[in-house]
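J.: Quick one: the structure is below, questions incoming.
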Amino acid sequence: MTKETSSAADLSSWIQQHLDQLPQAERRLAIVILEAPGQLASYSASEVTRMAGVSNATMTRLVQRLGYENYDQMRRLSRQNMDWGSPLYLLDRKAADDETAEARGPFEQHVAASVQNIQGTFAGMSAADIDVIGDAIAEARQVRVFGQRNNYFFAAYLRWQFIQFRNNVYLLPVSGETMGEYLVGLQPDDLFIVFGLRRRTPGLAALITAVSRAGVRTLLITDSANRSDLGATWVLKCDTTSSTPLDNHAAVMALCHVLASQVIDKAGVAGRQRLIRIEELHAELKEL
């Protein structure tokens with residue numbers, strides 16, 4: 001039967017499920033695909049079969065046996081997985097369109113990607129928008145910062161910067177807890193910040209919708225590959241290009257620094273007094 005609806009996430013697992021049932025030549029081809037499924041995104045069927053040492057007809061039979069319409073459908077799913085940020089599909093990616101990339105070592109490639117991502121990220125942002133968002137963060141009754149997986153780290157870091165200069169900043173979700181309890185009691189003068197960098201967990205759009213229904217403004221911080229604003233009030237997109245399987249998050253940290261600097265500037269005297277008292281308590285409690 002044909003896989004009329006197939007998600008990018010199940011391409012590798014679907015091949016793996018059929019692996020033991022495949023004839024020898026098709027199995028050899030399937031193993032080559034599983035070892036580097038991201039190659040489907042950039043290589044033709046002939047190139048992949050050549051790597052496996054099998055015929056083009058073997059690819060045709062494998063595609064049909066797996067239930068896909070054709071090789072191009074598998075290729076599209078591979079590209080979707082790359083956009084989704086799966087490290088398995090990014091194992092073999094190279095620095096994009098950079099003639100000097102091959103001459104650079106891994107260290108130089110990382111530094112170049114970091115600089116490029118930071119420049120590209122802020123070139124796509126408006127200083128006026130950042131100023132408006134800074135006002136919203138500084139003036140909100142409460143700021144709630146949400147993130148899961150890698151996004152939890154960024155959310156925790158941003159909260160830590162904010163709490164030095166303003167009260168009532170909360171990190172969500174607390175370990176082991178669900179979100180429903182935190183959405184009750186929201187008020188229109190609150191602010192909800194959501195980190196939604198790939199790979200995003202399901203339910204972000206529903207979360208933002210529920211928050212917005214309470215009249216609360218939302219800021220979504222996401223990656224440039226994300227084509228949806230998920231219904232957020234503001235969206236800030238960060239470039240995360242990398243020549244490795246792991247996304248480069250230098251621009252995300254730079255954006256966190258910019259937002260924290262906005263809070264420092266806009267908190268004014270009250271923020272300075274809070275920081276002074278924090279430092280007094282550090283000394284009193286001998287914490288540092």
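By order of appearance in the structure tokens: chains A, B, ..., then residues from 1 within every chain, and ligands from 1 in the order shown.
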Based on the backbone DSSP call, show me all residues of stretch 1-247 of chain A assigned helix (DSSP H, G or I), as a PyMOL selection string.

T.: chain A and resi 8-21+24-35+37-41+45-52+56-66+71-84+87-90+101-103+106-123+127-139+150-162+180-183+204-213

J.: Restricting the output to C-alpha atoms, write the selected residues as a short mmCIF file (atom, residue, chain, number, x, y, z; two decimals), in the first residue's frame.

T.:
```cif
data_model
loop_
_atom_site.label_atom_id
_atom_site.label_comp_id
_atom_site.auth_asym_id
_atom_site.auth_seq_id
_atom_site.Cartn_x
_atom_site.Cartn_y
_atom_site.Cartn_z
CA ALA A 8 9.20 13.38 8.41
CA ALA A 9 9.72 11.99 11.89
CA ASP A 10 8.90 8.40 10.93
CA LEU A 11 11.09 7.95 7.84
CA SER A 12 14.03 6.28 9.59
CA SER A 13 11.85 4.29 11.99
CA TRP A 14 9.70 3.04 9.09
CA ILE A 15 12.79 1.79 7.23
CA GLN A 16 14.11 0.22 10.44
CA GLN A 17 10.84 -1.65 11.00
CA HIS A 18 11.10 -3.29 7.57
CA LEU A 19 14.84 -3.95 7.64
CA ASP A 20 14.77 -7.63 8.62
CA GLN A 21 12.15 -8.42 5.98
CA GLN A 24 19.71 -8.81 0.58
CA ALA A 25 20.32 -6.04 -1.97
CA GLU A 26 17.48 -3.88 -0.67
CA ARG A 27 18.64 -4.44 2.89
CA ARG A 28 22.15 -3.28 1.99
CA LEU A 29 20.68 -0.14 0.43
CA ALA A 30 18.42 0.45 3.45
CA ILE A 31 21.41 0.20 5.81
CA VAL A 32 23.28 2.85 3.80
CA ILE A 33 20.24 5.13 4.05
CA LEU A 34 19.86 4.55 7.79
CA GLU A 35 23.53 5.35 8.44
CA PRO A 37 19.50 9.53 6.04
CA GLY A 38 20.29 13.20 5.51
CA GLN A 39 22.05 12.25 2.28
CA LEU A 40 18.66 11.64 0.67
CA ALA A 41 18.05 15.39 0.82
CA ALA A 45 18.71 7.98 -6.26
CA SER A 46 21.57 6.95 -8.55
CA GLU A 47 24.16 8.45 -6.21
CA VAL A 48 22.71 6.65 -3.18
CA THR A 49 22.54 3.30 -4.98
CA ARG A 50 26.13 3.77 -6.14
CA MET A 51 27.23 4.22 -2.52
CA ALA A 52 25.43 1.01 -1.62
CA ASN A 56 18.78 1.73 -9.56
CA ALA A 57 16.13 -0.97 -9.86
CA THR A 58 16.91 -1.96 -6.26
CA MET A 59 16.02 1.57 -5.13
CA THR A 60 12.76 1.39 -7.05
CA ARG A 61 11.85 -1.91 -5.40
CA LEU A 62 12.83 -0.64 -1.92
CA VAL A 63 10.73 2.50 -2.29
CA GLN A 64 7.72 0.45 -3.38
CA ARG A 65 8.19 -2.14 -0.66
CA LEU A 66 8.30 0.59 2.00
CA TYR A 71 12.18 8.39 -4.24
CA ASP A 72 11.30 12.09 -4.33
CA GLN A 73 8.80 11.56 -1.50
CA MET A 74 11.54 10.03 0.67
CA ARG A 75 13.80 12.91 -0.32
CA ARG A 76 11.22 15.48 0.78
CA LEU A 77 10.85 13.73 4.14
CA SER A 78 14.62 13.79 4.59
CA ARG A 79 14.64 17.54 3.95
CA GLN A 80 11.82 18.02 6.44
CA ASN A 81 13.84 16.16 9.06
CA MET A 82 16.79 18.48 8.38
CA ASP A 83 14.52 21.51 8.81
CA TRP A 84 13.12 19.88 11.95
CA PRO A 87 20.90 15.47 14.52
CA LEU A 88 20.72 12.11 12.73
CA TYR A 89 19.76 13.88 9.50
CA LEU A 90 22.35 16.62 10.02
CA ALA A 101 34.73 26.17 4.37
CA GLU A 102 36.70 23.11 3.34
CA ALA A 103 39.96 24.95 3.97
CA PRO A 106 36.41 22.72 12.82
CA PHE A 107 37.36 25.55 15.19
CA GLU A 108 37.42 28.17 12.44
CA GLN A 109 34.14 26.85 11.02
CA HIS A 110 32.47 27.16 14.41
CA VAL A 111 33.68 30.72 14.94
CA ALA A 112 32.61 31.72 11.42
CA ALA A 113 29.15 30.19 11.91
CA SER A 114 28.73 31.97 15.25
CA VAL A 115 29.59 35.35 13.76
CA GLN A 116 27.40 34.75 10.71
CA ASN A 117 24.44 33.65 12.83
CA ILE A 118 24.67 36.68 15.11
CA GLN A 119 24.94 39.08 12.19
CA GLY A 120 22.11 37.43 10.27
CA THR A 121 19.85 37.30 13.31
CA PHE A 122 20.12 40.97 14.21
CA ALA A 123 19.99 42.08 10.57
CA ALA A 127 15.64 48.15 16.97
CA ALA A 128 12.20 49.70 17.43
CA ASP A 129 10.62 46.27 17.94
CA ILE A 130 13.28 45.31 20.48
CA ASP A 131 12.59 48.56 22.33
CA VAL A 132 8.83 47.83 22.45
CA ILE A 133 9.49 44.29 23.69
CA GLY A 134 11.90 45.67 26.28
CA ASP A 135 9.18 48.00 27.58
CA ALA A 136 6.74 45.08 27.79
CA ILE A 137 9.20 42.95 29.78
CA ALA A 138 10.08 45.77 32.18
CA GLU A 139 6.48 46.90 32.78
CA ASN A 150 17.23 22.78 24.98
CA ASN A 151 14.74 25.60 25.23
CA TYR A 152 14.50 25.09 28.99
CA PHE A 153 18.15 26.07 29.36
CA PHE A 154 17.64 29.30 27.40
CA ALA A 155 14.49 30.08 29.39
CA ALA A 156 16.33 29.50 32.67
CA TYR A 157 19.24 31.67 31.57
CA LEU A 158 17.00 34.56 30.51
CA ARG A 159 15.01 34.40 33.74
CA TRP A 160 18.24 34.48 35.73
CA GLN A 161 19.27 37.70 34.00
CA PHE A 162 15.86 39.32 34.51
CA GLY A 180 -2.72 23.97 33.29
CA GLU A 181 -2.19 25.22 36.83
CA TYR A 182 0.06 28.02 35.58
CA LEU A 183 -2.44 29.37 33.05
CA LEU A 204 3.38 25.16 21.60
CA ALA A 205 0.65 26.63 19.40
CA ALA A 206 -2.05 25.43 21.81
CA LEU A 207 -0.12 26.91 24.75
CA ILE A 208 0.26 30.30 23.06
CA THR A 209 -3.42 30.25 22.09
CA ALA A 210 -4.47 29.55 25.69
CA VAL A 211 -2.24 32.34 26.99
CA SER A 212 -3.47 34.80 24.35
CA ARG A 213 -7.07 33.95 25.20
#
```

J.: If I take atom CA of A:Gly268 and atom CA of A:Met253, how far is one from the other in Å, to one decimal?

T.: 23.3 Å

J.: Separation of atom CA of A:Ile221 and atom CA of A:Gln273, in Å?

T.: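 Those two atoms sit 29.4 Å apart.
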
J.: Which is closest to A:Ala140 among A:Lys266, A:His249, A:Arg227, A:Arg200, if we use only C-alpha atoms?

T.: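 Of all the options, A:Lys266 lies closest to A:Ala140.
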
J.: I'd like the interatomic distance between atom CA of A:Gln142 and atom CA of A:Asn168, to a tenth of an Å.

T.: 5.1 Å

J.: Skipping near chain neighbours, those fewer than 3 positions away, what residues fall within 8 Å of A:Phe146 using only C-alpha atoms, listed as a PDB file with all heavy atoms, in the first residue's frame?

T.:
```pdb
ATOM      1  N   ASN A 151      15.389  24.315  24.966  1.00  0.00           N
ATOM      2  CA  ASN A 151      14.736  25.598  25.227  1.00  0.00           C
ATOM      3  C   ASN A 151      14.617  25.905  26.718  1.00  0.00           C
ATOM      4  O   ASN A 151      14.546  27.068  27.107  1.00  0.00           O
ATOM      5  CB  ASN A 151      13.341  25.595  24.588  1.00  0.00           C
ATOM      6  CG  ASN A 151      13.408  25.587  23.075  1.00  0.00           C
ATOM      7  OD1 ASN A 151      13.858  26.547  22.458  1.00  0.00           O
ATOM      8  ND2 ASN A 151      12.966  24.502  22.465  1.00  0.00           N
ATOM      9  N   TYR A 152      14.581  24.873  27.546  1.00  0.00           N
ATOM     10  CA  TYR A 152      14.498  25.087  28.991  1.00  0.00           C
ATOM     11  C   TYR A 152      15.756  25.790  29.500  1.00  0.00           C
ATOM     12  O   TYR A 152      15.687  26.662  30.370  1.00  0.00           O
ATOM     13  CB  TYR A 152      14.308  23.752  29.705  1.00  0.00           C
ATOM     14  CG  TYR A 152      13.993  23.885  31.180  1.00  0.00           C
ATOM     15  CD1 TYR A 152      12.693  24.134  31.602  1.00  0.00           C
ATOM     16  CD2 TYR A 152      14.994  23.774  32.146  1.00  0.00           C
ATOM     17  CE1 TYR A 152      12.382  24.259  32.956  1.00  0.00           C
ATOM     18  CE2 TYR A 152      14.691  23.898  33.499  1.00  0.00           C
ATOM     19  CZ  TYR A 152      13.389  24.134  33.897  1.00  0.00           C
ATOM     20  OH  TYR A 152      13.100  24.264  35.235  1.00  0.00           O
ATOM     21  N   ALA A 155      15.499  29.440  28.542  1.00  0.00           N
ATOM     22  CA  ALA A 155      14.487  30.083  29.389  1.00  0.00           C
ATOM     23  C   ALA A 155      15.039  30.334  30.787  1.00  0.00           C
ATOM     24  O   ALA A 155      14.833  31.410  31.371  1.00  0.00           O
ATOM     25  CB  ALA A 155      13.234  29.205  29.454  1.00  0.00           C
ATOM     26  N   LEU A 171      10.041  30.701  35.881  1.00  0.00           N
ATOM     27  CA  LEU A 171      10.453  29.728  34.879  1.00  0.00           C
ATOM     28  C   LEU A 171       9.463  28.570  34.854  1.00  0.00           C
ATOM     29  O   LEU A 171       9.124  28.003  35.902  1.00  0.00           O
ATOM     30  CB  LEU A 171      11.850  29.200  35.206  1.00  0.00           C
ATOM     31  CG  LEU A 171      12.389  28.075  34.327  1.00  0.00           C
ATOM     32  CD1 LEU A 171      12.576  28.553  32.885  1.00  0.00           C
ATOM     33  CD2 LEU A 171      13.715  27.556  34.886  1.00  0.00           C
ATOM     34  N   LEU A 172       8.996  28.206  33.658  1.00  0.00           N
ATOM     35  CA  LEU A 172       8.039  27.121  33.482  1.00  0.00           C
ATOM     36  C   LEU A 172       8.549  26.142  32.417  1.00  0.00           C
ATOM     37  O   LEU A 172       9.236  26.550  31.488  1.00  0.00           O
ATOM     38  CB  LEU A 172       6.683  27.675  33.036  1.00  0.00           C
ATOM     39  CG  LEU A 172       6.062  28.775  33.906  1.00  0.00           C
ATOM     40  CD1 LEU A 172       4.772  29.274  33.248  1.00  0.00           C
ATOM     41  CD2 LEU A 172       5.791  28.268  35.296  1.00  0.00           C
ATOM     42  N   PRO A 173       8.190  24.871  32.519  1.00  0.00           N
ATOM     43  CA  PRO A 173       7.475  24.239  33.632  1.00  0.00           C
ATOM     44  C   PRO A 173       8.445  23.771  34.710  1.00  0.00           C
ATOM     45  O   PRO A 173       9.585  23.426  34.417  1.00  0.00           O
ATOM     46  CB  PRO A 173       6.804  23.036  32.962  1.00  0.00           C
ATOM     47  CG  PRO A 173       7.773  22.651  31.875  1.00  0.00           C
ATOM     48  CD  PRO A 173       8.391  23.933  31.396  1.00  0.00           C
ATOM     49  N   PHE A 192       4.227  36.567  28.585  1.00  0.00           N
ATOM     50  CA  PHE A 192       4.625  35.169  28.461  1.00  0.00           C
ATOM     51  C   PHE A 192       5.704  35.073  27.387  1.00  0.00           C
ATOM     52  O   PHE A 192       5.475  35.455  26.236  1.00  0.00           O
ATOM     53  CB  PHE A 192       3.411  34.320  28.064  1.00  0.00           C
ATOM     54  CG  PHE A 192       3.380  32.961  28.698  1.00  0.00           C
ATOM     55  CD1 PHE A 192       2.664  32.741  29.859  1.00  0.00           C
ATOM     56  CD2 PHE A 192       4.070  31.901  28.134  1.00  0.00           C
ATOM     57  CE1 PHE A 192       2.618  31.482  30.442  1.00  0.00           C
ATOM     58  CE2 PHE A 192       4.023  30.645  28.695  1.00  0.00           C
ATOM     59  CZ  PHE A 192       3.305  30.424  29.865  1.00  0.00           C
ATOM     60  N   ILE A 193       6.879  34.591  27.750  1.00  0.00           N
ATOM     61  CA  ILE A 193       7.972  34.403  26.794  1.00  0.00           C
ATOM     62  C   ILE A 193       8.138  32.909  26.546  1.00  0.00           C
ATOM     63  O   ILE A 193       8.315  32.137  27.483  1.00  0.00           O
ATOM     64  CB  ILE A 193       9.292  35.009  27.310  1.00  0.00           C
ATOM     65  CG1 ILE A 193       9.121  36.512  27.560  1.00  0.00           C
ATOM     66  CG2 ILE A 193      10.426  34.754  26.318  1.00  0.00           C
ATOM     67  CD1 ILE A 193      10.342  37.180  28.159  1.00  0.00           C
ATOM     68  N   VAL A 194       8.083  32.511  25.292  1.00  0.00           N
ATOM     69  CA  VAL A 194       8.178  31.103  24.920  1.00  0.00           C
ATOM     70  C   VAL A 194       9.412  30.887  24.049  1.00  0.00           C
ATOM     71  O   VAL A 194       9.568  31.537  23.006  1.00  0.00           O
ATOM     72  CB  VAL A 194       6.923  30.646  24.144  1.00  0.00           C
ATOM     73  CG1 VAL A 194       7.075  29.204  23.679  1.00  0.00           C
ATOM     74  CG2 VAL A 194       5.679  30.808  25.010  1.00  0.00           C
ATOM     75  N   PHE A 195      10.298  29.986  24.476  1.00  0.00           N
ATOM     76  CA  PHE A 195      11.408  29.566  23.630  1.00  0.00           C
ATOM     77  C   PHE A 195      10.939  28.362  22.822  1.00  0.00           C
ATOM     78  O   PHE A 195      10.578  27.323  23.386  1.00  0.00           O
ATOM     79  CB  PHE A 195      12.629  29.209  24.473  1.00  0.00           C
ATOM     80  CG  PHE A 195      13.423  30.403  24.919  1.00  0.00           C
ATOM     81  CD1 PHE A 195      13.078  31.080  26.079  1.00  0.00           C
ATOM     82  CD2 PHE A 195      14.498  30.866  24.173  1.00  0.00           C
ATOM     83  CE1 PHE A 195      13.793  32.193  26.505  1.00  0.00           C
ATOM     84  CE2 PHE A 195      15.223  31.978  24.576  1.00  0.00           C
ATOM     85  CZ  PHE A 195      14.872  32.642  25.745  1.00  0.00           C
TER      86      PHE A 195
END
```

J.: Mind the document's chain letters and residue numbers, and return as a list in words the residues of stretch 14-216 of chain A that DSSP labels strand (DSSP E).

T.: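 After running DSSP on the backbone, stretch 14-216 of chain A has strand (DSSP E) at Val143, Arg144, Val145, Phe146, Val169, Tyr170, Leu171, Leu172, Leu191, Phe192, Ile193, Val194, Phe195 and Gly196 of chain A.
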
J.: Suppose we keep C-alpha atoms; can you now write the selection as a compact mmCIF listing (two decimals), in the first residue's frame?

T.:
```
# COMPACT_ATOMS: atom_id res chain seq x y z
CA VAL A 143 6.91 37.56 33.32
CA ARG A 144 6.64 33.84 32.72
CA VAL A 145 9.36 32.18 30.67
CA PHE A 146 8.65 28.79 29.12
CA VAL A 169 9.82 36.37 36.83
CA TYR A 170 8.95 32.67 36.74
CA LEU A 171 10.45 29.73 34.88
CA LEU A 172 8.04 27.12 33.48
CA LEU A 191 3.91 38.71 29.66
CA PHE A 192 4.62 35.17 28.46
CA ILE A 193 7.97 34.40 26.79
CA VAL A 194 8.18 31.10 24.92
CA PHE A 195 11.41 29.57 23.63
CA GLY A 196 10.49 27.44 20.62
```
